[in-house]
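Below is the file coords.pdb, which contains PDB, C-alpha atoms and all ligand atoms.
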```pdb
ATOM      1  CA  MET Z 146     -13.596  20.712   4.936  1.00  0.00           C
ATOM      2  CA  ASN Z 147     -14.983  19.873   8.353  1.00  0.00           C
ATOM      3  CA  ARG Z 148     -16.526  16.503   7.649  1.00  0.00           C
ATOM      4  CA  ILE Z 149     -16.494  14.168  10.652  1.00  0.00           C
ATOM      5  CA  ILE Z 150     -14.595  11.017   9.746  1.00  0.00           C
ATOM      6  CA  LYS Z 151     -15.932   7.774  11.143  1.00  0.00           C
ATOM      7  CA  ILE Z 152     -14.047   4.490  11.330  1.00  0.00           C
ATOM      8  CA  ALA Z 153     -15.517   0.992  10.952  1.00  0.00           C
ATOM      9  CA  PRO Z 154     -13.032  -1.790  11.764  1.00  0.00           C
ATOM     10  CA  SER Z 155     -13.803  -4.932   9.736  1.00  0.00           C
ATOM     11  CA  ILE Z 156     -13.725  -8.022  11.920  1.00  0.00           C
ATOM     12  CA  LEU Z 157     -12.744 -10.074   8.864  1.00  0.00           C
ATOM     13  CA  SER Z 158      -9.136  -9.502   9.936  1.00  0.00           C
ATOM     14  CA  ALA Z 159      -9.802 -10.092  13.646  1.00  0.00           C
ATOM     15  CA  ASP Z 160      -8.895 -13.223  15.603  1.00  0.00           C
ATOM     16  CA  PHE Z 161     -11.974 -15.419  15.050  1.00  0.00           C
ATOM     17  CA  SER Z 162     -11.166 -17.553  18.086  1.00  0.00           C
ATOM     18  CA  ARG Z 163     -11.827 -14.492  20.306  1.00  0.00           C
ATOM     19  CA  LEU Z 164     -14.306 -12.488  18.278  1.00  0.00           C
ATOM     20  CA  GLY Z 165     -16.243 -11.122  21.251  1.00  0.00           C
ATOM     21  CA  GLU Z 166     -13.072  -9.719  22.808  1.00  0.00           C
ATOM     22  CA  GLU Z 167     -11.949  -8.287  19.464  1.00  0.00           C
ATOM     23  CA  VAL Z 168     -15.229  -6.397  19.055  1.00  0.00           C
ATOM     24  CA  GLU Z 169     -14.892  -5.042  22.594  1.00  0.00           C
ATOM     25  CA  ALA Z 170     -11.302  -4.022  21.898  1.00  0.00           C
ATOM     26  CA  ALA Z 171     -12.314  -2.173  18.722  1.00  0.00           C
ATOM     27  CA  GLU Z 172     -14.949  -0.187  20.608  1.00  0.00           C
ATOM     28  CA  GLU Z 173     -12.516   0.517  23.428  1.00  0.00           C
ATOM     29  CA  ALA Z 174      -9.985   1.752  20.841  1.00  0.00           C
ATOM     30  CA  GLY Z 175     -12.355   4.406  19.507  1.00  0.00           C
ATOM     31  CA  ALA Z 176     -14.193   2.731  16.602  1.00  0.00           C
ATOM     32  CA  ASP Z 177     -17.479   4.314  15.488  1.00  0.00           C
ATOM     33  CA  PHE Z 178     -19.055   1.254  13.835  1.00  0.00           C
ATOM     34  CA  ILE Z 179     -18.287  -2.465  13.645  1.00  0.00           C
ATOM     35  CA  HIS Z 180     -18.062  -3.646  10.022  1.00  0.00           C
ATOM     36  CA  LEU Z 181     -19.282  -7.204   9.398  1.00  0.00           C
ATOM     37  CA  ASP Z 182     -18.406  -8.880   6.094  1.00  0.00           C
ATOM     38  CA  VAL Z 183     -20.924 -11.565   5.138  1.00  0.00           C
ATOM     39  CA  MET Z 184     -19.807 -13.762   2.207  1.00  0.00           C
ATOM     40  CA  ASP Z 185     -21.639 -16.670   0.597  1.00  0.00           C
ATOM     41  CA  GLY Z 186     -19.023 -18.385  -1.572  1.00  0.00           C
ATOM     42  CA  ARG Z 187     -21.021 -17.446  -4.687  1.00  0.00           C
ATOM     43  CA  PHE Z 188     -21.102 -13.692  -5.079  1.00  0.00           C
ATOM     44  CA  VAL Z 189     -17.518 -13.715  -3.814  1.00  0.00           C
ATOM     45  CA  PRO Z 190     -15.023 -16.598  -3.712  1.00  0.00           C
ATOM     46  CA  ASN Z 191     -15.019 -16.843   0.081  1.00  0.00           C
ATOM     47  CA  ILE Z 192     -17.378 -17.840   2.896  1.00  0.00           C
ATOM     48  CA  THR Z 193     -17.489 -16.062   6.248  1.00  0.00           C
ATOM     49  CA  PHE Z 194     -20.463 -15.984   8.610  1.00  0.00           C
ATOM     50  CA  GLY Z 195     -24.150 -15.177   8.859  1.00  0.00           C
ATOM     51  CA  PRO Z 196     -26.829 -13.919  11.255  1.00  0.00           C
ATOM     52  CA  ALA Z 197     -26.095 -16.472  13.999  1.00  0.00           C
ATOM     53  CA  LEU Z 198     -22.588 -15.156  14.547  1.00  0.00           C
ATOM     54  CA  ILE Z 199     -23.773 -11.547  14.444  1.00  0.00           C
ATOM     55  CA  LYS Z 200     -26.380 -12.367  17.080  1.00  0.00           C
ATOM     56  CA  GLY Z 201     -23.654 -14.020  19.143  1.00  0.00           C
ATOM     57  CA  ILE Z 202     -21.440 -10.919  19.287  1.00  0.00           C
ATOM     58  CA  ARG Z 203     -24.258  -8.349  19.365  1.00  0.00           C
ATOM     59  CA  GLY Z 204     -24.104  -8.069  23.154  1.00  0.00           C
ATOM     60  CA  ARG Z 205     -20.381  -7.265  23.135  1.00  0.00           C
ATOM     61  CA  SER Z 206     -20.709  -3.728  21.797  1.00  0.00           C
ATOM     62  CA  ALA Z 207     -23.130  -0.836  21.750  1.00  0.00           C
ATOM     63  CA  LEU Z 208     -21.706   0.414  18.434  1.00  0.00           C
ATOM     64  CA  PRO Z 209     -23.848   0.229  15.292  1.00  0.00           C
ATOM     65  CA  PHE Z 210     -23.295  -2.991  13.355  1.00  0.00           C
ATOM     66  CA  ASP Z 211     -22.469  -2.040   9.749  1.00  0.00           C
ATOM     67  CA  THR Z 212     -23.286  -5.232   7.880  1.00  0.00           C
ATOM     68  CA  HIS Z 213     -21.923  -5.679   4.357  1.00  0.00           C
ATOM     69  CA  LEU Z 214     -23.668  -8.469   2.453  1.00  0.00           C
ATOM     70  CA  MET Z 215     -21.563  -9.952  -0.332  1.00  0.00           C
ATOM     71  CA  ILE Z 216     -24.199 -12.546  -1.176  1.00  0.00           C
ATOM     72  CA  GLU Z 217     -26.559 -13.472  -4.012  1.00  0.00           C
ATOM     73  CA  SER Z 218     -30.256 -12.611  -3.592  1.00  0.00           C
ATOM     74  CA  PRO Z 219     -29.811 -10.762  -0.283  1.00  0.00           C
ATOM     75  CA  GLU Z 220     -33.569 -10.071  -0.070  1.00  0.00           C
ATOM     76  CA  ARG Z 221     -33.967 -13.608   1.300  1.00  0.00           C
ATOM     77  CA  PHE Z 222     -32.139 -12.721   4.510  1.00  0.00           C
ATOM     78  CA  VAL Z 223     -33.070  -9.121   5.310  1.00  0.00           C
ATOM     79  CA  ASP Z 224     -35.287 -10.027   8.261  1.00  0.00           C
ATOM     80  CA  ASP Z 225     -32.763 -12.508   9.641  1.00  0.00           C
ATOM     81  CA  PHE Z 226     -30.019  -9.879   9.751  1.00  0.00           C
ATOM     82  CA  GLY Z 227     -32.396  -7.377  11.313  1.00  0.00           C
ATOM     83  CA  LYS Z 228     -33.303  -9.809  14.071  1.00  0.00           C
ATOM     84  CA  ALA Z 229     -29.632 -10.654  14.595  1.00  0.00           C
ATOM     85  CA  GLY Z 230     -28.877  -7.020  15.396  1.00  0.00           C
ATOM     86  CA  ALA Z 231     -27.638  -5.370  12.206  1.00  0.00           C
ATOM     87  CA  ASP Z 232     -28.143  -1.596  12.212  1.00  0.00           C
ATOM     88  CA  ILE Z 233     -27.052  -0.896   8.650  1.00  0.00           C
ATOM     89  CA  LEU Z 234     -27.588  -3.513   5.953  1.00  0.00           C
ATOM     90  CA  THR Z 235     -25.656  -2.986   2.730  1.00  0.00           C
ATOM     91  CA  VAL Z 236     -26.279  -5.017  -0.431  1.00  0.00           C
ATOM     92  CA  GLN Z 237     -24.134  -5.194  -3.544  1.00  0.00           C
ATOM     93  CA  VAL Z 238     -25.853  -3.579  -6.522  1.00  0.00           C
ATOM     94  CA  GLU Z 239     -24.479  -6.332  -8.782  1.00  0.00           C
ATOM     95  CA  ALA Z 240     -26.523  -8.889  -6.802  1.00  0.00           C
ATOM     96  CA  CYS Z 241     -29.782  -6.889  -6.942  1.00  0.00           C
ATOM     97  CA  PRO Z 242     -31.797  -6.610 -10.161  1.00  0.00           C
ATOM     98  CA  HIS Z 243     -34.570  -5.032  -8.049  1.00  0.00           C
ATOM     99  CA  LEU Z 244     -32.398  -2.706  -6.012  1.00  0.00           C
ATOM    100  CA  GLN Z 245     -35.072  -0.143  -5.170  1.00  0.00           C
ATOM    101  CA  ARG Z 246     -37.230  -2.902  -3.706  1.00  0.00           C
ATOM    102  CA  VAL Z 247     -34.459  -4.398  -1.553  1.00  0.00           C
ATOM    103  CA  LEU Z 248     -33.403  -1.025  -0.160  1.00  0.00           C
ATOM    104  CA  SER Z 249     -37.025  -0.265   0.763  1.00  0.00           C
ATOM    105  CA  GLN Z 250     -37.335  -3.704   2.330  1.00  0.00           C
ATOM    106  CA  ILE Z 251     -34.280  -3.034   4.518  1.00  0.00           C
ATOM    107  CA  ARG Z 252     -35.776   0.224   5.800  1.00  0.00           C
ATOM    108  CA  GLN Z 253     -39.109  -1.441   6.423  1.00  0.00           C
ATOM    109  CA  ALA Z 254     -37.285  -4.011   8.534  1.00  0.00           C
ATOM    110  CA  GLY Z 255     -36.054  -1.144  10.722  1.00  0.00           C
ATOM    111  CA  MET Z 256     -32.467  -0.839   9.486  1.00  0.00           C
ATOM    112  CA  LYS Z 257     -30.536   1.750   7.530  1.00  0.00           C
ATOM    113  CA  SER Z 258     -30.130   0.766   3.901  1.00  0.00           C
ATOM    114  CA  GLY Z 259     -26.822   0.669   2.056  1.00  0.00           C
ATOM    115  CA  VAL Z 260     -25.764  -0.062  -1.499  1.00  0.00           C
ATOM    116  CA  ALA Z 261     -22.229  -1.205  -2.391  1.00  0.00           C
ATOM    117  CA  VAL Z 262     -20.557  -0.913  -5.795  1.00  0.00           C
ATOM    118  CA  ASN Z 263     -17.646  -3.033  -6.957  1.00  0.00           C
ATOM    119  CA  PRO Z 264     -14.570  -1.345  -8.459  1.00  0.00           C
ATOM    120  CA  ALA Z 265     -15.676  -1.879 -12.077  1.00  0.00           C
ATOM    121  CA  THR Z 266     -19.346  -0.982 -11.516  1.00  0.00           C
ATOM    122  CA  PRO Z 267     -20.528   2.463 -12.657  1.00  0.00           C
ATOM    123  CA  VAL Z 268     -22.724   4.585 -10.392  1.00  0.00           C
ATOM    124  CA  ASP Z 269     -25.208   5.939 -12.943  1.00  0.00           C
ATOM    125  CA  PHE Z 270     -28.000   4.050 -11.180  1.00  0.00           C
ATOM    126  CA  LEU Z 271     -27.558   6.002  -7.930  1.00  0.00           C
ATOM    127  CA  PRO Z 272     -29.863   9.004  -8.560  1.00  0.00           C
ATOM    128  CA  TYR Z 273     -32.758   6.560  -9.000  1.00  0.00           C
ATOM    129  CA  VAL Z 274     -32.399   5.074  -5.521  1.00  0.00           C
ATOM    130  CA  LEU Z 275     -31.030   7.899  -3.361  1.00  0.00           C
ATOM    131  CA  ASP Z 276     -34.452   8.443  -1.778  1.00  0.00           C
ATOM    132  CA  VAL Z 277     -34.334   4.934  -0.281  1.00  0.00           C
ATOM    133  CA  THR Z 278     -30.603   4.884   0.519  1.00  0.00           C
ATOM    134  CA  ASP Z 279     -28.864   5.803   3.776  1.00  0.00           C
ATOM    135  CA  LEU Z 280     -25.331   4.772   2.782  1.00  0.00           C
ATOM    136  CA  VAL Z 281     -23.306   4.293  -0.394  1.00  0.00           C
ATOM    137  CA  LEU Z 282     -20.305   1.965  -0.130  1.00  0.00           C
ATOM    138  CA  VAL Z 283     -17.605   2.351  -2.773  1.00  0.00           C
ATOM    139  CA  MET Z 284     -15.456  -0.793  -2.935  1.00  0.00           C
ATOM    140  CA  THR Z 285     -11.797  -0.035  -3.568  1.00  0.00           C
ATOM    141  CA  VAL Z 286     -10.838  -3.727  -3.858  1.00  0.00           C
ATOM    142  CA  ASN Z 287     -12.683  -6.616  -5.471  1.00  0.00           C
ATOM    143  CA  PRO Z 288     -14.548  -8.017  -2.472  1.00  0.00           C
ATOM    144  CA  GLY Z 289     -13.784 -11.400  -0.977  1.00  0.00           C
ATOM    145  CA  PHE Z 290     -10.679 -10.993   1.117  1.00  0.00           C
ATOM    146  CA  GLY Z 291      -9.011  -8.683   3.587  1.00  0.00           C
ATOM    147  CA  GLY Z 292      -5.509  -7.370   3.107  1.00  0.00           C
ATOM    148  CA  GLN Z 293      -5.722  -6.473  -0.595  1.00  0.00           C
ATOM    149  CA  SER Z 294      -4.247  -3.328  -2.155  1.00  0.00           C
ATOM    150  CA  PHE Z 295      -6.310  -0.192  -2.746  1.00  0.00           C
ATOM    151  CA  ILE Z 296      -7.202   0.168  -6.443  1.00  0.00           C
ATOM    152  CA  ASN Z 297      -6.203   3.724  -7.362  1.00  0.00           C
ATOM    153  CA  GLY Z 298      -8.361   3.771 -10.491  1.00  0.00           C
ATOM    154  CA  VAL Z 299     -11.546   3.807  -8.360  1.00  0.00           C
ATOM    155  CA  ALA Z 300     -10.653   7.153  -6.782  1.00  0.00           C
ATOM    156  CA  PRO Z 301     -12.625   9.368  -9.232  1.00  0.00           C
ATOM    157  CA  LYS Z 302     -15.753   7.372  -8.431  1.00  0.00           C
ATOM    158  CA  ILE Z 303     -15.536   8.371  -4.765  1.00  0.00           C
ATOM    159  CA  ALA Z 304     -15.525  12.046  -5.754  1.00  0.00           C
ATOM    160  CA  ARG Z 305     -18.382  11.449  -8.182  1.00  0.00           C
ATOM    161  CA  VAL Z 306     -20.545   9.795  -5.502  1.00  0.00           C
ATOM    162  CA  ARG Z 307     -19.743  12.646  -3.086  1.00  0.00           C
ATOM    163  CA  GLU Z 308     -21.033  15.087  -5.676  1.00  0.00           C
ATOM    164  CA  MET Z 309     -24.198  13.067  -6.288  1.00  0.00           C
ATOM    165  CA  ILE Z 310     -24.951  12.876  -2.572  1.00  0.00           C
ATOM    166  CA  ASP Z 311     -24.312  16.580  -2.037  1.00  0.00           C
ATOM    167  CA  ARG Z 312     -26.454  17.506  -5.009  1.00  0.00           C
ATOM    168  CA  SER Z 313     -29.321  15.409  -3.622  1.00  0.00           C
ATOM    169  CA  GLY Z 314     -29.242  17.365  -0.359  1.00  0.00           C
ATOM    170  CA  ARG Z 315     -29.865  14.116   1.525  1.00  0.00           C
ATOM    171  CA  GLU Z 316     -28.060  12.810   4.574  1.00  0.00           C
ATOM    172  CA  ILE Z 317     -26.338   9.793   3.096  1.00  0.00           C
ATOM    173  CA  LEU Z 318     -23.070   8.322   4.352  1.00  0.00           C
ATOM    174  CA  LEU Z 319     -20.256   7.751   1.862  1.00  0.00           C
ATOM    175  CA  GLU Z 320     -18.297   4.680   2.930  1.00  0.00           C
ATOM    176  CA  VAL Z 321     -15.089   3.357   1.370  1.00  0.00           C
ATOM    177  CA  ASP Z 322     -13.943  -0.238   1.858  1.00  0.00           C
ATOM    178  CA  GLY Z 323     -10.796  -2.063   0.765  1.00  0.00           C
ATOM    179  CA  GLY Z 324      -7.113  -1.366   1.215  1.00  0.00           C
ATOM    180  CA  VAL Z 325      -7.695   1.553   3.550  1.00  0.00           C
ATOM    181  CA  ASN Z 326      -4.624   2.292   5.697  1.00  0.00           C
ATOM    182  CA  PRO Z 327      -3.057   5.481   7.109  1.00  0.00           C
ATOM    183  CA  GLU Z 328      -1.704   6.365   3.634  1.00  0.00           C
ATOM    184  CA  THR Z 329      -4.747   5.665   1.443  1.00  0.00           C
ATOM    185  CA  ALA Z 330      -7.080   7.086   4.126  1.00  0.00           C
ATOM    186  CA  GLY Z 331      -5.802  10.568   3.314  1.00  0.00           C
ATOM    187  CA  VAL Z 332      -6.744  10.066  -0.315  1.00  0.00           C
ATOM    188  CA  VAL Z 333     -10.277   8.842   0.339  1.00  0.00           C
ATOM    189  CA  ILE Z 334     -10.925  11.536   2.943  1.00  0.00           C
ATOM    190  CA  GLY Z 335      -9.763  14.116   0.406  1.00  0.00           C
ATOM    191  CA  LEU Z 336     -12.203  12.695  -2.140  1.00  0.00           C
ATOM    192  CA  GLY Z 337     -15.121  13.085   0.248  1.00  0.00           C
ATOM    193  CA  ALA Z 338     -15.582   9.796   2.133  1.00  0.00           C
ATOM    194  CA  ASP Z 339     -16.992  10.069   5.634  1.00  0.00           C
ATOM    195  CA  LEU Z 340     -16.920   6.450   6.774  1.00  0.00           C
ATOM    196  CA  LEU Z 341     -13.749   4.389   6.347  1.00  0.00           C
ATOM    197  CA  VAL Z 342     -13.646   0.603   6.699  1.00  0.00           C
ATOM    198  CA  ALA Z 343     -10.321  -0.907   7.682  1.00  0.00           C
ATOM    199  CA  GLY Z 344      -9.612  -4.550   8.470  1.00  0.00           C
ATOM    200  CA  SER Z 345      -5.948  -5.476   8.283  1.00  0.00           C
ATOM    201  CA  ALA Z 346      -4.809  -1.899   9.004  1.00  0.00           C
ATOM    202  CA  ILE Z 347      -6.458  -2.187  12.433  1.00  0.00           C
ATOM    203  CA  PHE Z 348      -6.761  -5.849  13.462  1.00  0.00           C
ATOM    204  CA  GLY Z 349      -3.434  -6.668  11.833  1.00  0.00           C
ATOM    205  CA  THR Z 350      -1.650  -4.251  14.167  1.00  0.00           C
ATOM    206  CA  LYS Z 351      -0.784  -4.414  17.860  1.00  0.00           C
ATOM    207  CA  ASN Z 352      -2.237  -1.098  18.978  1.00  0.00           C
ATOM    208  CA  TYR Z 353      -5.800  -0.685  17.671  1.00  0.00           C
ATOM    209  CA  ARG Z 354      -6.228   2.759  19.206  1.00  0.00           C
ATOM    210  CA  GLU Z 355      -3.107   4.088  17.546  1.00  0.00           C
ATOM    211  CA  SER Z 356      -4.068   2.568  14.170  1.00  0.00           C
ATOM    212  CA  ILE Z 357      -7.604   3.994  14.289  1.00  0.00           C
ATOM    213  CA  GLY Z 358      -6.153   7.376  15.235  1.00  0.00           C
ATOM    214  CA  LYS Z 359      -3.731   7.315  12.308  1.00  0.00           C
ATOM    215  CA  ILE Z 360      -6.499   6.475   9.815  1.00  0.00           C
ATOM    216  CA  ARG Z 361      -8.946   9.016  11.204  1.00  0.00           C
ATOM    217  CA  GLY Z 362      -6.351  11.751  11.347  1.00  0.00           C
ATOM    218  CA  ALA Z 363      -4.817  11.012   7.970  1.00  0.00           C
ATOM    219  CA  GLY Z 364      -5.791  14.440   6.675  1.00  0.00           C
ATOM    220  CA  ALA Z 365      -6.714  15.084   3.090  1.00  0.00           C
ATOM    221  CA  GLY Z 366      -4.101  13.586   0.792  1.00  0.00           C
ATOM    222  CA  SER Z 367      -3.920  12.946  -2.941  1.00  0.00           C
ATOM    223  CA  LEU Z 368      -2.731  10.135  -5.176  1.00  0.00           C
TER     224      LEU Z 368
HETATM  225  C1  LIG Z 401     -13.468  -7.059   1.382  1.00  0.00           C
HETATM  226  C2  LIG Z 401     -14.306  -6.650   2.579  1.00  0.00           C
HETATM  227  C3  LIG Z 401     -13.622  -5.645   3.404  1.00  0.00           C
HETATM  228  C4  LIG Z 401     -12.347  -6.154   4.038  1.00  0.00           C
HETATM  229  C5  LIG Z 401     -11.399  -5.002   4.101  1.00  0.00           C
HETATM  230  O1  LIG Z 401     -14.131  -8.032   0.681  1.00  0.00           O
HETATM  231  O2  LIG Z 401     -15.547  -6.108   2.158  1.00  0.00           O
HETATM  232  O3  LIG Z 401     -14.472  -5.089   4.385  1.00  0.00           O
HETATM  233  O4  LIG Z 401     -12.510  -6.687   5.315  1.00  0.00           O
HETATM  234  O5  LIG Z 401     -10.163  -5.462   4.497  1.00  0.00           O
HETATM  235  P1  LIG Z 401      -8.859  -4.546   4.370  1.00  0.00           P
HETATM  236  O6  LIG Z 401      -9.118  -3.283   5.144  1.00  0.00           O
HETATM  237  O7  LIG Z 401      -7.791  -5.390   4.969  1.00  0.00           O
HETATM  238  O8  LIG Z 401      -8.661  -4.270   2.898  1.00  0.00           O
HETATM  239 ZN    ZN Z 402     -16.721  -4.921   3.728  1.00  0.00          ZN
END
```
Encoded form using structure tokens:
Amino acid sequence: MNRIIKIAPSILSADFSRLGEEVEAAEEAGADFIHLDVMDGRFVPNITFGPALIKGIRGRSALPFDTHLMIESPERFVDDFGKAGADILTVQVEACPHLQRVLSQIRQAGMKSGVAVNPATPVDFLPYVLDVTDLVLVMTVNPGFGGQSFINGVAPKIARVREMIDRSGREILLEVDGGVNPETAGVVIGLGADLLVAGSAIFGTKNYRESIGKIRGAGAGSL
């Protein structure tokens, strides 16, 4: 397996009083993307930030902004996030009765389109939208908070999505988010993920470069 593993530190676990510096530090430490967790207090029981903050830190890094919307009716804000500087815009399938339309809308707004699935959500819908999807995000915690434990039971779904993507022959990123650390990273890499989100396992440590290196180099492990 010679898949290139990419790392997206989630600023949810960063020091919010110095967010600009934290984003710079993540890039300096070898991150590939910056992961931005947008929460509305309705789809998930937590509120974080929106386009204004993203616009505010956009100038601090040249890395792609991987923006994860955990909000109801995300179609209302697609243009706002595009203008703020998001490069990838990922919506939760559970919040999108018209998923195909939203994913197309994201591409039309000039961004890459992503769809996220919660731990208990099946992925049978995926073949119907793969032609308008650039990234599939498998959640390995129930979204809302950083620092939660990886849910082992979701593991087979990562392998299943890998298979679906490979079968489609399309270039679609497989991202995993939630409870990723140097131990669980080996498992998700082994199951076929190519983009790993990590919040607390990077921003909760002293040496970001070392932590990113440990996650990236975790090697294929198993449960
Ligand atoms: C969870 C968010 C994650 C979160 C991950 O709701 O979508 O991106 O920041 O945090 P860790 O890596 O600490 O589980
Ligand atoms: Zn996230």
Could you pull out the residues sitting within 7 Å of ligand LIG 401 (chain Z), using only C-alpha atoms and all ligand atoms, and write them as a PyMOL selection string? chain Z and resi 155-158+180+182+213+286-294+322-325+342-346
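Between atom CA of Z:Ile150 and atom CA of Z:Leu340 lies a distance of 5.9 Å.
Interatomic distance, atom CA of Z:Asp339 against atom CA of Z:Ala153: 10.6 Å.
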Residues within 7 Å of (-5.5, 6.9, 9.3), file coords, all atoms listed in the file, listed as a PyMOL selection string: chain Z and resi 326-328+330+356-363
Starting from the shown file, work through the PyMOL selection byres (((chain Z and resi 222) around 12) and not hetatm) and note down what comes out as a ChimeraX atom specification. /Z:183,185,195-197,214-221,223-229,231,234-236,247,250-251,254
Neighbouring residues of stretch 278-280 of chain Z were defined as those with any atom within 7 Å, considering all atoms listed in the file; residues of the same chain fewer than 6 positions away were excluded. Please report them as an mmCIF file with C-alpha atoms, in the frame of the given file.
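around09.cif, freshly written:
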```cif
data_model
loop_
_atom_site.group_PDB
_atom_site.id
_atom_site.type_symbol
_atom_site.label_atom_id
_atom_site.label_comp_id
_atom_site.auth_asym_id
_atom_site.auth_seq_id
_atom_site.Cartn_x
_atom_site.Cartn_y
_atom_site.Cartn_z
ATOM 1 C CA LEU Z 248 -33.403 -1.025 -0.160
ATOM 2 C CA LYS Z 257 -30.536 1.750 7.530
ATOM 3 C CA SER Z 258 -30.130 0.766 3.901
ATOM 4 C CA GLY Z 259 -26.822 0.669 2.056
ATOM 5 C CA VAL Z 260 -25.764 -0.062 -1.499
ATOM 6 C CA ILE Z 317 -26.338 9.793 3.096
ATOM 7 C CA LEU Z 318 -23.070 8.322 4.352
ATOM 8 C CA LEU Z 319 -20.256 7.751 1.862
#
```
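When all atoms listed in the file are used to measure the gap to ligand ZN 402 (chain Z), the shortest distance among Z:Met284, Z:Pro267, Z:Ala304, Z:Ala170 belongs to Z:Met284.
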Carefully work through the PyMOL selection byres (((chain Z and resi 232) around 6) and not hetatm) for this structure and note down the residues it includes, as number ranges by chain. Z: 209-210, 231, 233, 256
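Each of Z:Thr329, Z:Val268, Z:Gly335, Z:Gly204 was checked against Z:Met309 using only C-alpha atoms; the smallest atom-to-atom distance is that of Z:Val268.
In this model, the gap between atom CA of Z:Phe188 and atom CA of Z:Gln237 comes to 9.2 Å.
Taken over the whole file, the PyMOL selection byres (((chain Z and resi 296) around 8) and not hetatm) covers exactly Pro264, Thr285, Val286, Ser294, Phe295, Asn297, Gly298, Val299, Ala300 and Gly324 of chain Z.
Considering the residues Z:Leu164, Z:Val277, Z:Ile202, Z:Val189 and counting all atoms listed in the file, ligand ZN 402 (chain Z) has its shortest atom-to-atom contact with Z:Val189.
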